[in-house]
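Novice: So I've got this file, protein_18.pdb, and it contains PDB, C-alpha atoms:
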```pdb
ATOM      1  CA  MET A 280      -4.217 -70.758  -3.768
ATOM      2  CA  SER A 281      -6.937 -72.866  -2.236
ATOM      3  CA  GLY A 282     -10.583 -72.006  -2.330
ATOM      4  CA  ARG A 283     -10.448 -70.812   1.280
ATOM      5  CA  ASP A 284      -8.313 -67.817   0.238
ATOM      6  CA  ASP A 285     -10.788 -66.553  -2.360
ATOM      7  CA  GLY A 286     -11.657 -62.908  -1.775
ATOM      8  CA  SER A 287      -8.793 -62.256   0.612
ATOM      9  CA  ALA A 288      -7.172 -59.990  -1.987
ATOM     10  CA  VAL A 289     -10.149 -57.662  -1.742
ATOM     11  CA  VAL A 290      -9.793 -57.490   2.013
ATOM     12  CA  GLU A 291      -6.065 -56.789   1.691
ATOM     13  CA  HIS A 292      -6.790 -54.077  -0.830
ATOM     14  CA  VAL A 293      -9.247 -52.401   1.479
ATOM     15  CA  LEU A 294      -6.843 -52.577   4.408
ATOM     16  CA  VAL A 295      -3.926 -51.109   2.457
ATOM     17  CA  LEU A 296      -6.075 -48.381   0.949
ATOM     18  CA  ALA A 297      -7.384 -47.521   4.397
ATOM     19  CA  LEU A 298      -3.819 -47.260   5.663
ATOM     20  CA  LEU A 299      -2.835 -45.012   2.752
ATOM     21  CA  LEU A 300      -5.876 -42.835   3.379
ATOM     22  CA  VAL A 301      -4.870 -42.413   7.005
ATOM     23  CA  ILE A 302      -1.334 -41.447   5.938
ATOM     24  CA  ALA A 303      -2.658 -38.902   3.435
ATOM     25  CA  LEU A 304      -4.995 -37.424   6.034
ATOM     26  CA  GLY A 305      -2.061 -37.298   8.414
ATOM     27  CA  VAL A 306      -0.161 -35.129   5.940
ATOM     28  CA  VAL A 307      -3.181 -32.836   5.671
ATOM     29  CA  GLN A 308      -3.396 -32.698   9.461
ATOM     30  CA  VAL A 309       0.269 -31.815   9.903
ATOM     31  CA  THR A 310      -0.047 -29.115   7.255
ATOM     32  CA  LEU A 311      -3.042 -27.595   9.014
ATOM     33  CA  LEU A 312      -1.220 -27.740  12.333
ATOM     34  CA  VAL A 313       1.894 -25.934  11.114
ATOM     35  CA  HIS A 314      -0.353 -23.384   9.395
ATOM     36  CA  ALA A 315      -2.174 -22.795  12.684
ATOM     37  CA  ARG A 316       1.173 -22.448  14.426
ATOM     38  CA  ALA A 317       2.427 -19.858  11.937
ATOM     39  CA  ILE A 318      -0.786 -17.889  12.383
ATOM     40  CA  ALA A 319      -0.403 -18.143  16.172
ATOM     41  CA  VAL A 320       3.142 -16.758  15.980
ATOM     42  CA  ALA A 321       1.926 -13.863  13.849
ATOM     43  CA  SER A 322      -0.905 -13.214  16.301
ATOM     44  CA  ALA A 323       1.434 -13.213  19.298
ATOM     45  CA  ALA A 324       3.769 -10.789  17.517
ATOM     46  CA  GLU A 325       0.765  -8.646  16.603
ATOM     47  CA  GLY A 326      -0.250  -8.558  20.261
ATOM     48  CA  ALA A 327       3.275  -7.628  21.319
ATOM     49  CA  ARG A 328       3.261  -4.824  18.763
ATOM     50  CA  ALA A 329      -0.080  -3.574  20.068
ATOM     51  CA  ALA A 330       1.387  -3.469  23.573
ATOM     52  CA  ALA A 331       4.539  -1.679  22.472
ATOM     53  CA  GLY A 332       2.870   1.708  22.124
ATOM     54  CA  ILE A 333       3.001   4.430  24.736
ATOM     55  CA  GLY A 334       0.475   3.843  27.504
ATOM     56  CA  GLN A 335      -0.168   0.208  26.644
ATOM     57  CA  THR A 336       0.427  -2.598  29.095
ATOM     58  CA  PRO A 337       1.567  -6.165  28.348
ATOM     59  CA  ALA A 338      -1.901  -7.328  29.413
ATOM     60  CA  ASP A 339      -3.371  -5.222  26.600
ATOM     61  CA  GLY A 340      -1.029  -7.043  24.233
ATOM     62  CA  ALA A 341      -2.188 -10.436  25.478
ATOM     63  CA  ALA A 342      -5.816  -9.426  24.977
ATOM     64  CA  ALA A 343      -5.022  -8.121  21.482
ATOM     65  CA  ALA A 344      -3.221 -11.351  20.600
ATOM     66  CA  GLU A 345      -6.198 -13.444  21.693
ATOM     67  CA  GLN A 346      -8.501 -11.204  19.677
ATOM     68  CA  VAL A 347      -6.339 -11.671  16.564
ATOM     69  CA  LEU A 348      -6.217 -15.429  17.187
ATOM     70  CA  ARG A 349      -9.995 -15.603  17.382
ATOM     71  CA  THR A 350     -10.491 -13.735  14.137
ATOM     72  CA  SER A 351      -7.703 -15.414  12.168
ATOM     73  CA  LEU A 352      -7.893 -19.019  13.379
ATOM     74  CA  GLY A 353     -11.582 -19.094  14.208
ATOM     75  CA  ALA A 354     -13.150 -19.240  17.639
ATOM     76  CA  GLY A 355     -13.116 -23.039  17.763
ATOM     77  CA  TYR A 356      -9.387 -23.360  17.226
ATOM     78  CA  ALA A 357      -8.509 -20.323  19.319
ATOM     79  CA  ALA A 358     -10.623 -21.394  22.311
ATOM     80  CA  GLY A 359      -7.831 -23.506  23.770
ATOM     81  CA  LEU A 360      -5.144 -20.868  23.331
ATOM     82  CA  HIS A 361      -4.359 -18.293  25.976
ATOM     83  CA  CYS A 362      -1.852 -15.480  25.883
ATOM     84  CA  THR A 363       0.153 -13.727  28.557
ATOM     85  CA  GLY A 364       2.180 -10.585  28.208
ATOM     86  CA  SER A 365       5.344  -9.483  29.948
ATOM     87  CA  THR A 366       8.208  -7.082  29.521
ATOM     88  CA  ASP A 367      11.806  -8.104  29.046
ATOM     89  CA  GLY A 368      14.790  -5.804  29.150
ATOM     90  CA  SER A 369      17.509  -8.426  28.922
ATOM     91  CA  ALA A 370      18.121  -7.855  25.198
ATOM     92  CA  GLY A 371      19.191  -4.263  25.768
ATOM     93  CA  GLU A 372      16.056  -2.546  24.506
ATOM     94  CA  PRO A 373      12.896  -2.958  26.593
ATOM     95  CA  GLU A 374      10.753  -5.508  24.802
ATOM     96  CA  VAL A 375       7.187  -6.681  25.102
ATOM     97  CA  VAL A 376       6.897 -10.453  24.972
ATOM     98  CA  VAL A 377       3.563 -12.126  24.344
ATOM     99  CA  VAL A 378       3.413 -15.883  24.829
ATOM    100  CA  CYS A 379       0.425 -17.815  23.530
ATOM    101  CA  SER A 380       0.085 -21.430  24.547
ATOM    102  CA  GLY A 381      -2.600 -24.043  24.730
ATOM    103  CA  ARG A 382      -4.151 -26.925  22.925
ATOM    104  CA  VAL A 383      -5.034 -27.039  19.252
ATOM    105  CA  PRO A 384      -7.498 -29.733  18.187
ATOM    106  CA  LEU A 385      -6.536 -32.277  15.527
ATOM    107  CA  ARG A 386      -9.851 -32.285  13.723
ATOM    108  CA  VAL A 387      -8.922 -34.101  10.518
ATOM    109  CA  LEU A 388      -7.961 -37.360  12.192
ATOM    110  CA  GLY A 389      -9.966 -36.790  15.357
ATOM    111  CA  LEU A 390      -6.958 -37.596  17.505
ATOM    112  CA  GLY A 391      -7.562 -35.192  20.340
ATOM    113  CA  ASP A 392      -5.239 -32.210  20.442
ATOM    114  CA  VAL A 393      -1.627 -31.094  20.719
ATOM    115  CA  THR A 394      -0.058 -28.408  22.844
ATOM    116  CA  ILE A 395       1.651 -25.517  21.120
ATOM    117  CA  ARG A 396       3.520 -22.565  22.568
ATOM    118  CA  VAL A 397       4.529 -19.546  20.511
ATOM    119  CA  THR A 398       6.206 -16.267  21.348
ATOM    120  CA  GLY A 399       6.024 -12.812  19.804
ATOM    121  CA  HIS A 400       8.381  -9.905  20.464
ATOM    122  CA  ALA A 401       8.183  -6.179  19.890
ATOM    123  CA  VAL A 402      10.464  -3.372  20.991
ATOM    124  CA  ARG A 403       8.699  -0.820  23.166
ATOM    125  CA  GLU A 404       8.261   2.617  21.655
ATOM    126  CA  ARG A 405      10.106   5.422  23.370
ATOM    127  CA  SER A 406       8.193   8.352  24.714
TER     128      SER A 406
ATOM    129  CA  MET B  36       0.352 -63.087 -14.133
ATOM    130  CA  LYS B  37       2.189 -66.001 -12.689
ATOM    131  CA  ARG B  38       0.823 -67.689  -9.646
ATOM    132  CA  ASP B  39       3.638 -66.598  -7.306
ATOM    133  CA  GLU B  40       3.277 -62.944  -8.209
ATOM    134  CA  ARG B  41      -0.220 -62.624  -6.865
ATOM    135  CA  GLY B  42      -0.548 -59.806  -4.395
ATOM    136  CA  SER B  43       2.786 -58.258  -5.285
ATOM    137  CA  ALA B  44       1.088 -55.239  -6.855
ATOM    138  CA  LEU B  45      -0.460 -54.539  -3.483
ATOM    139  CA  ILE B  46       2.905 -54.722  -1.752
ATOM    140  CA  GLU B  47       4.368 -52.389  -4.361
ATOM    141  CA  ALA B  48       1.587 -49.905  -3.792
ATOM    142  CA  ALA B  49       2.105 -50.046  -0.047
ATOM    143  CA  ALA B  50       5.850 -49.514  -0.426
ATOM    144  CA  LEU B  51       5.642 -46.868  -3.136
ATOM    145  CA  ALA B  52       2.970 -44.707  -1.583
ATOM    146  CA  PRO B  53       5.127 -43.473   1.321
ATOM    147  CA  LEU B  54       7.922 -42.837  -1.169
ATOM    148  CA  LEU B  55       5.595 -40.714  -3.265
ATOM    149  CA  LEU B  56       4.448 -38.905  -0.149
ATOM    150  CA  ILE B  57       7.937 -37.534   0.462
ATOM    151  CA  PRO B  58       7.730 -34.935  -2.343
ATOM    152  CA  VAL B  59       4.278 -33.981  -1.114
ATOM    153  CA  LEU B  60       5.641 -33.513   2.394
ATOM    154  CA  TYR B  61       8.534 -31.448   1.053
ATOM    155  CA  LEU B  62       6.098 -29.277  -0.875
ATOM    156  CA  ALA B  63       4.073 -28.805   2.311
ATOM    157  CA  LEU B  64       7.208 -27.820   4.246
ATOM    158  CA  THR B  65       8.221 -25.406   1.500
ATOM    159  CA  LEU B  66       4.794 -23.781   1.482
ATOM    160  CA  HIS B  67       4.983 -23.546   5.272
ATOM    161  CA  ARG B  68       8.285 -21.701   4.993
ATOM    162  CA  ALA B  69       6.865 -19.381   2.379
ATOM    163  CA  GLU B  70       3.921 -18.631   4.645
ATOM    164  CA  GLN B  71       6.185 -17.956   7.624
ATOM    165  CA  ALA B  72       8.420 -15.707   5.535
ATOM    166  CA  ARG B  73       5.480 -13.751   4.156
ATOM    167  CA  LEU B  74       3.976 -13.216   7.603
ATOM    168  CA  ALA B  75       7.358 -12.168   8.967
ATOM    169  CA  ALA B  76       8.096  -9.826   6.070
ATOM    170  CA  ALA B  77       4.713  -8.108   6.281
ATOM    171  CA  ALA B  78       4.851  -7.690  10.057
ATOM    172  CA  GLY B  79       8.521  -6.737   9.969
ATOM    173  CA  ALA B  80       7.999  -4.075   7.304
ATOM    174  CA  ARG B  81       5.134  -2.491   9.226
ATOM    175  CA  ASP B  82       7.061  -2.550  12.494
ATOM    176  CA  ALA B  83      10.196  -1.225  10.784
ATOM    177  CA  ALA B  84       8.307   1.681   9.225
ATOM    178  CA  ARG B  85       6.856   2.651  12.590
ATOM    179  CA  ALA B  86      10.270   2.285  14.239
ATOM    180  CA  TYR B  87      11.827   4.473  11.558
ATOM    181  CA  ALA B  88       9.197   7.175  11.938
ATOM    182  CA  THR B  89       9.576   7.343  15.717
ATOM    183  CA  ALA B  90      13.378   7.292  15.870
ATOM    184  CA  PRO B  91      15.277  10.384  17.032
ATOM    185  CA  SER B  92      17.836  10.264  14.208
ATOM    186  CA  THR B  93      18.175   8.573  10.853
ATOM    187  CA  ASP B  94      21.038   6.451  12.160
ATOM    188  CA  ASP B  95      18.860   5.186  15.007
ATOM    189  CA  ALA B  96      16.005   4.815  12.553
ATOM    190  CA  ARG B  97      17.960   2.453  10.333
ATOM    191  CA  ALA B  98      19.215   0.427  13.287
ATOM    192  CA  TRP B  99      15.770   0.165  14.870
ATOM    193  CA  SER B 100      14.166  -0.794  11.582
ATOM    194  CA  HIS B 101      16.681  -3.547  10.947
ATOM    195  CA  ALA B 102      16.149  -4.809  14.495
ATOM    196  CA  ALA B 103      12.374  -4.811  13.974
ATOM    197  CA  VAL B 104      12.579  -6.908  10.817
ATOM    198  CA  ARG B 105      15.070  -9.298  12.386
ATOM    199  CA  THR B 106      12.750  -9.697  15.386
ATOM    200  CA  ALA B 107       9.826 -10.520  13.116
ATOM    201  CA  PHE B 108      11.815 -13.195  11.266
ATOM    202  CA  ALA B 109      13.207 -14.605  14.517
ATOM    203  CA  ASP B 110       9.669 -14.924  15.899
ATOM    204  CA  GLN B 111       8.725 -17.011  12.879
ATOM    205  CA  GLY B 112      11.721 -19.257  13.456
ATOM    206  CA  MET B 113      13.963 -17.837  10.729
ATOM    207  CA  PRO B 114      16.628 -15.794  12.506
ATOM    208  CA  GLY B 115      19.126 -16.444   9.700
ATOM    209  CA  ALA B 116      17.057 -15.195   6.776
ATOM    210  CA  ARG B 117      18.968 -13.082   4.272
ATOM    211  CA  LEU B 118      17.430  -9.635   4.539
ATOM    212  CA  ASP B 119      17.583  -6.634   2.271
ATOM    213  CA  ILE B 120      15.909  -3.568   3.733
ATOM    214  CA  THR B 121      15.672  -0.260   1.906
ATOM    215  CA  PHE B 122      14.114   3.038   2.877
ATOM    216  CA  ALA B 123      12.634   5.732   0.691
ATOM    217  CA  ARG B 124      10.883   9.012   1.142
ATOM    218  CA  GLU B 125       7.205   9.033   0.372
ATOM    219  CA  PRO B 126       5.297  10.042  -1.671
ATOM    220  CA  GLY B 127       6.380   8.970  -5.089
ATOM    221  CA  ALA B 128       8.733   6.215  -3.994
ATOM    222  CA  THR B 129       8.423   2.603  -5.038
ATOM    223  CA  CYS B 130      10.356  -0.415  -3.987
ATOM    224  CA  ASP B 131      11.663  -1.136  -7.509
ATOM    225  CA  ARG B 132      13.096   2.284  -8.221
ATOM    226  CA  SER B 133      16.807   2.455  -7.685
ATOM    227  CA  SER B 134      17.070   6.236  -7.417
ATOM    228  CA  VAL B 135      15.166   6.901  -4.242
ATOM    229  CA  THR B 136      15.430   9.884  -1.963
ATOM    230  CA  ALA B 137      16.505   9.170   1.572
ATOM    231  CA  PRO B 138      13.666   9.696   4.021
ATOM    232  CA  VAL B 139      13.854  12.532   6.503
ATOM    233  CA  LEU B 140      12.323  12.711   9.957
ATOM    234  CA  THR B 141      10.390  15.940   9.439
ATOM    235  CA  PRO B 142       6.907  15.882  10.961
ATOM    236  CA  GLY B 143       4.335  15.035   8.326
ATOM    237  CA  ASP B 144       6.848  13.271   6.126
ATOM    238  CA  ALA B 145       6.388   9.615   5.326
ATOM    239  CA  VAL B 146       8.824   6.784   4.995
ATOM    240  CA  LEU B 147       8.501   3.722   2.798
ATOM    241  CA  VAL B 148      10.211   0.588   4.024
ATOM    242  CA  CYS B 149      10.837  -2.242   1.588
ATOM    243  CA  VAL B 150      11.782  -5.652   2.923
ATOM    244  CA  ARG B 151      13.152  -8.330   0.674
ATOM    245  CA  ALA B 152      14.180 -11.649   2.093
ATOM    246  CA  THR B 153      15.425 -14.915   0.715
ATOM    247  CA  VAL B 154      14.556 -17.933   2.762
ATOM    248  CA  ALA B 155      16.381 -21.190   2.246
ATOM    249  CA  LEU B 156      14.436 -24.241   1.150
ATOM    250  CA  PRO B 157      13.743 -26.829   3.850
ATOM    251  CA  PHE B 158      16.884 -28.813   4.809
ATOM    252  CA  ALA B 159      18.930 -26.880   2.213
ATOM    253  CA  ASP B 160      20.599 -24.618   4.762
ATOM    254  CA  ARG B 161      22.045 -27.139   7.174
ATOM    255  CA  GLY B 162      24.579 -29.909   7.278
ATOM    256  CA  ILE B 163      26.730 -30.858   4.340
ATOM    257  CA  VAL B 164      24.337 -29.432   1.753
ATOM    258  CA  ARG B 165      24.657 -25.906   3.162
ATOM    259  CA  GLY B 166      25.606 -23.624   0.292
ATOM    260  CA  ALA B 167      25.085 -26.324  -2.299
ATOM    261  CA  PHE B 168      21.623 -24.992  -3.191
ATOM    262  CA  PRO B 169      21.747 -21.245  -3.657
ATOM    263  CA  ALA B 170      18.069 -21.200  -4.603
ATOM    264  CA  GLY B 171      15.691 -19.825  -2.030
ATOM    265  CA  LEU B 172      12.201 -18.537  -1.589
ATOM    266  CA  PRO B 173      12.069 -14.803  -2.294
ATOM    267  CA  VAL B 174       9.517 -12.792  -0.351
ATOM    268  CA  SER B 175       8.979  -9.069  -0.190
ATOM    269  CA  ALA B 176       6.806  -6.651   1.686
ATOM    270  CA  GLN B 177       6.511  -2.931   2.063
ATOM    271  CA  ALA B 178       4.975  -0.536   4.518
ATOM    272  CA  VAL B 179       4.583   3.196   4.929
ATOM    273  CA  ALA B 180       4.580   5.152   8.163
ATOM    274  CA  VAL B 181       4.009   8.851   8.697
ATOM    275  CA  VAL B 182       6.335  10.808  10.942
ATOM    276  CA  ASP B 183       4.128  12.100  13.731
ATOM    277  CA  ASP B 184       3.054  15.723  13.460
ATOM    278  CA  HIS B 185       3.644  16.412  17.114
ATOM    279  CA  ARG B 186       6.815  14.471  17.683
ATOM    280  CA  GLY B 187       9.343  16.030  19.992
ATOM    281  CA  ASP B 188      12.479  17.654  18.716
ATOM    282  CA  PRO B 189      15.454  15.318  18.507
ATOM    283  CA  PRO B 190      17.396  15.573  21.759
TER     284      PRO B 190
END
```
Mind turning the file's structure into structure tokens?
Specialist:
Amino acid sequence: MSGRDDGSAVVEHVLVLALLLVIALGVVQVTLLVHARAIAVASAAEGARAAAGIGQTPADGAAAAEQVLRTSLGAGYAAGLHCTGSTDGSAGEPEVVVVCSGRVPLRVLGLGDVTIRVTGHAVRERS
Amino acid sequence: MKRDERGSALIEAAALAPLLLIPVLYLALTLHRAEQARLAAAAGARDAARAYATAPSTDDARAWSHAAVRTAFADQGMPGARLDITFAREPGATCDRSSVTAPVLTPGDAVLVCVRATVALPFADRGIVRGAFPAGLPVSAQAVAVVDDHRGDPP
């Protein structure tokens, strides 16, 4: 190795370590994202369940789902998510379907955000 | 260290690190499944108890409860989870006791619903390895619902 290459190993080390750090943070980011998605599914199902009672409308379920999202994910994460409610009778029993979709920020890596879309179902209660 | 091996440790580290990340990723996926299963079991048990308590007959009650738990697991992306759902009459019932009294739909009575599910490990339930790994993640949840005091008579 000639004298001109002195110190290049340090630079290489730093570059590789930086790459490994990014990969590790990426794993953390993916984990947080799938966690947020699981919570969003639970929130949508919770909203659908809230709308399944007698005298409740699908819009009530959407509002309930957004409320649960805000308290469980935090207002910052939930701000980009919006829910809509509808009824669906195609499965035999009348169901309430709450769909929550929107953008979830990728805060660990600072790479903007990704779009998620989750659905929750509940069978309507009979009067 | 010989002259021509300089820098090889760095290459090894760069090649090995992603390899070592695979178990970490698998652990993360497994924990994700466990979280999904727990959320589904808890929500399913609560929904099943309410469905049981509002059903017109015990046959309907069982069917509705099973449907409620299946719906909860399907929402979390696990429609094929192995489910074991038992019902017991409250008070005094627990999920471990084998000799439980069957719940009745008398107003003021309460029903305990116990949900046990076994969720396959990530990638262990598909392709050629299906059935090769009987191990799974066990989750359980329970919920109680009171039969409404002013429910209508069964038709």
Novice: Write out as a short mmCIF file (atom, residue, chain, number, x, y, z; two decimals) with C-alpha atoms, keeping the file's coordinate frame the residues lying within 10 Å of Thr89 of chain B, counting all atoms listed in the file and excluding same-chain residues fewer than 5 positions away.
Specialist:
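Produced file out35.cif, reproduced below:
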```cif
data_model
loop_
_atom_site.label_atom_id
_atom_site.label_comp_id
_atom_site.auth_asym_id
_atom_site.auth_seq_id
_atom_site.Cartn_x
_atom_site.Cartn_y
_atom_site.Cartn_z
CA GLU A 404 8.26 2.62 21.66
CA ARG A 405 10.11 5.42 23.37
CA SER A 406 8.19 8.35 24.71
CA ALA B 83 10.20 -1.23 10.78
CA ALA B 84 8.31 1.68 9.22
CA ASP B 95 18.86 5.19 15.01
CA ALA B 96 16.00 4.82 12.55
CA TRP B 99 15.77 0.16 14.87
CA LEU B 140 12.32 12.71 9.96
CA ALA B 180 4.58 5.15 8.16
CA VAL B 181 4.01 8.85 8.70
CA VAL B 182 6.34 10.81 10.94
CA ASP B 183 4.13 12.10 13.73
CA ARG B 186 6.82 14.47 17.68
CA GLY B 187 9.34 16.03 19.99
#
```
Novice: Excluding segment 308-324 of chain A and residues on its chain fewer than 3 positions from it, collect all residues at most 8 Å away from it, counting all atoms listed in the file, and give them as a PDB file with C-alpha atoms, in the frame of the given file.
Specialist:
```pdb
ATOM      1  CA  LEU A 304      -4.995 -37.424   6.034  1.00  0.00           C
ATOM      2  CA  GLY A 305      -2.061 -37.298   8.414  1.00  0.00           C
ATOM      3  CA  ALA A 327       3.275  -7.628  21.319  1.00  0.00           C
ATOM      4  CA  ARG A 328       3.261  -4.824  18.763  1.00  0.00           C
ATOM      5  CA  ALA A 341      -2.188 -10.436  25.478  1.00  0.00           C
ATOM      6  CA  ALA A 344      -3.221 -11.351  20.600  1.00  0.00           C
ATOM      7  CA  GLU A 345      -6.198 -13.444  21.693  1.00  0.00           C
ATOM      8  CA  VAL A 347      -6.339 -11.671  16.564  1.00  0.00           C
ATOM      9  CA  LEU A 348      -6.217 -15.429  17.187  1.00  0.00           C
ATOM     10  CA  SER A 351      -7.703 -15.414  12.168  1.00  0.00           C
ATOM     11  CA  LEU A 352      -7.893 -19.019  13.379  1.00  0.00           C
ATOM     12  CA  CYS A 362      -1.852 -15.480  25.883  1.00  0.00           C
ATOM     13  CA  VAL A 377       3.563 -12.126  24.344  1.00  0.00           C
ATOM     14  CA  VAL A 378       3.413 -15.883  24.829  1.00  0.00           C
ATOM     15  CA  CYS A 379       0.425 -17.815  23.530  1.00  0.00           C
ATOM     16  CA  VAL A 383      -5.034 -27.039  19.252  1.00  0.00           C
ATOM     17  CA  LEU A 385      -6.536 -32.277  15.527  1.00  0.00           C
ATOM     18  CA  ARG A 386      -9.851 -32.285  13.723  1.00  0.00           C
ATOM     19  CA  VAL A 387      -8.922 -34.101  10.518  1.00  0.00           C
ATOM     20  CA  LEU A 388      -7.961 -37.360  12.192  1.00  0.00           C
ATOM     21  CA  ILE A 395       1.651 -25.517  21.120  1.00  0.00           C
ATOM     22  CA  VAL A 397       4.529 -19.546  20.511  1.00  0.00           C
ATOM     23  CA  THR A 398       6.206 -16.267  21.348  1.00  0.00           C
ATOM     24  CA  GLY A 399       6.024 -12.812  19.804  1.00  0.00           C
ATOM     25  CA  HIS A 400       8.381  -9.905  20.464  1.00  0.00           C
ATOM     26  CA  ALA A 401       8.183  -6.179  19.890  1.00  0.00           C
TER      27      ALA A 401
ATOM     28  CA  ALA B  63       4.073 -28.805   2.311  1.00  0.00           C
ATOM     29  CA  LEU B  64       7.208 -27.820   4.246  1.00  0.00           C
ATOM     30  CA  HIS B  67       4.983 -23.546   5.272  1.00  0.00           C
ATOM     31  CA  GLU B  70       3.921 -18.631   4.645  1.00  0.00           C
ATOM     32  CA  GLN B  71       6.185 -17.956   7.624  1.00  0.00           C
ATOM     33  CA  LEU B  74       3.976 -13.216   7.603  1.00  0.00           C
ATOM     34  CA  ALA B  75       7.358 -12.168   8.967  1.00  0.00           C
ATOM     35  CA  ALA B  78       4.851  -7.690  10.057  1.00  0.00           C
ATOM     36  CA  ALA B 107       9.826 -10.520  13.116  1.00  0.00           C
ATOM     37  CA  ASP B 110       9.669 -14.924  15.899  1.00  0.00           C
ATOM     38  CA  GLN B 111       8.725 -17.011  12.879  1.00  0.00           C
TER      39      GLN B 111
END
```
Novice: Considering only C-alpha atoms, state which residue in the set B:Leu62, B:Leu118, B:Leu147, B:Ile57 is at the smallest distance from Ala86 of chain B.
Specialist: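 Comparing B:Leu62, B:Leu118, B:Leu147, B:Ile57 against Ala86 of chain B, the winner is B:Leu147.
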Novice: Please compute the atom CA of Leu300 of chain A-atom CA of Arg68 of chain B distance, one decimal, in Å.
Specialist: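 According to the coordinates, atom CA of Leu300 of chain A and atom CA of Arg68 of chain B are separated by 25.5 Å.
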Novice: Calculate how many Å separate atom CA of Gln177 of chain B from atom CA of Val104 of chain B, rounding to one decimal.
Specialist: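 Answer for the atom CA of Gln177 of chain B to atom CA of Val104 of chain B separation: 11.4 Å.
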Novice: For each of B:His185, B:Ala155, B:Ile163, B:Gly171, take the minimum atom-to-atom distance to chain A, counting only C-alpha atoms, then give the residue where this is smallest.
Specialist: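 Nearest to chain A: B:His185.
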Novice: Kindly give the distance, in Å, that separates atom CA of Ala167 of chain B and atom CA of Ile120 of chain B, rounded to a single decimal.
Specialist: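 According to the coordinates, atom CA of Ala167 of chain B and atom CA of Ile120 of chain B are separated by 25.3 Å.
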Novice: Which one is closest to chain A: B:Arg161, B:Arg105, B:Arg124, B:Arg151? Count only C-alpha atoms.
Specialist: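 Ranking B:Arg161, B:Arg105, B:Arg124, B:Arg151 by distance to chain A, first place goes to B:Arg105.
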Novice: Could you check which of A:Val307, A:Gly359, A:Glu325, A:Thr336 is closest to Gly79 of chain B, using only C-alpha atoms?
Specialist: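 Looking at the shortest contact to Gly79 of chain B, the residue is A:Glu325.
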Novice: Nearest to Ser380 of chain A: which of A:Leu360, A:Ala303, A:Val290, A:Leu298 is it, counting all atoms listed in the file?
Specialist: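 Smallest distance to Ser380 of chain A is found for A:Leu360.
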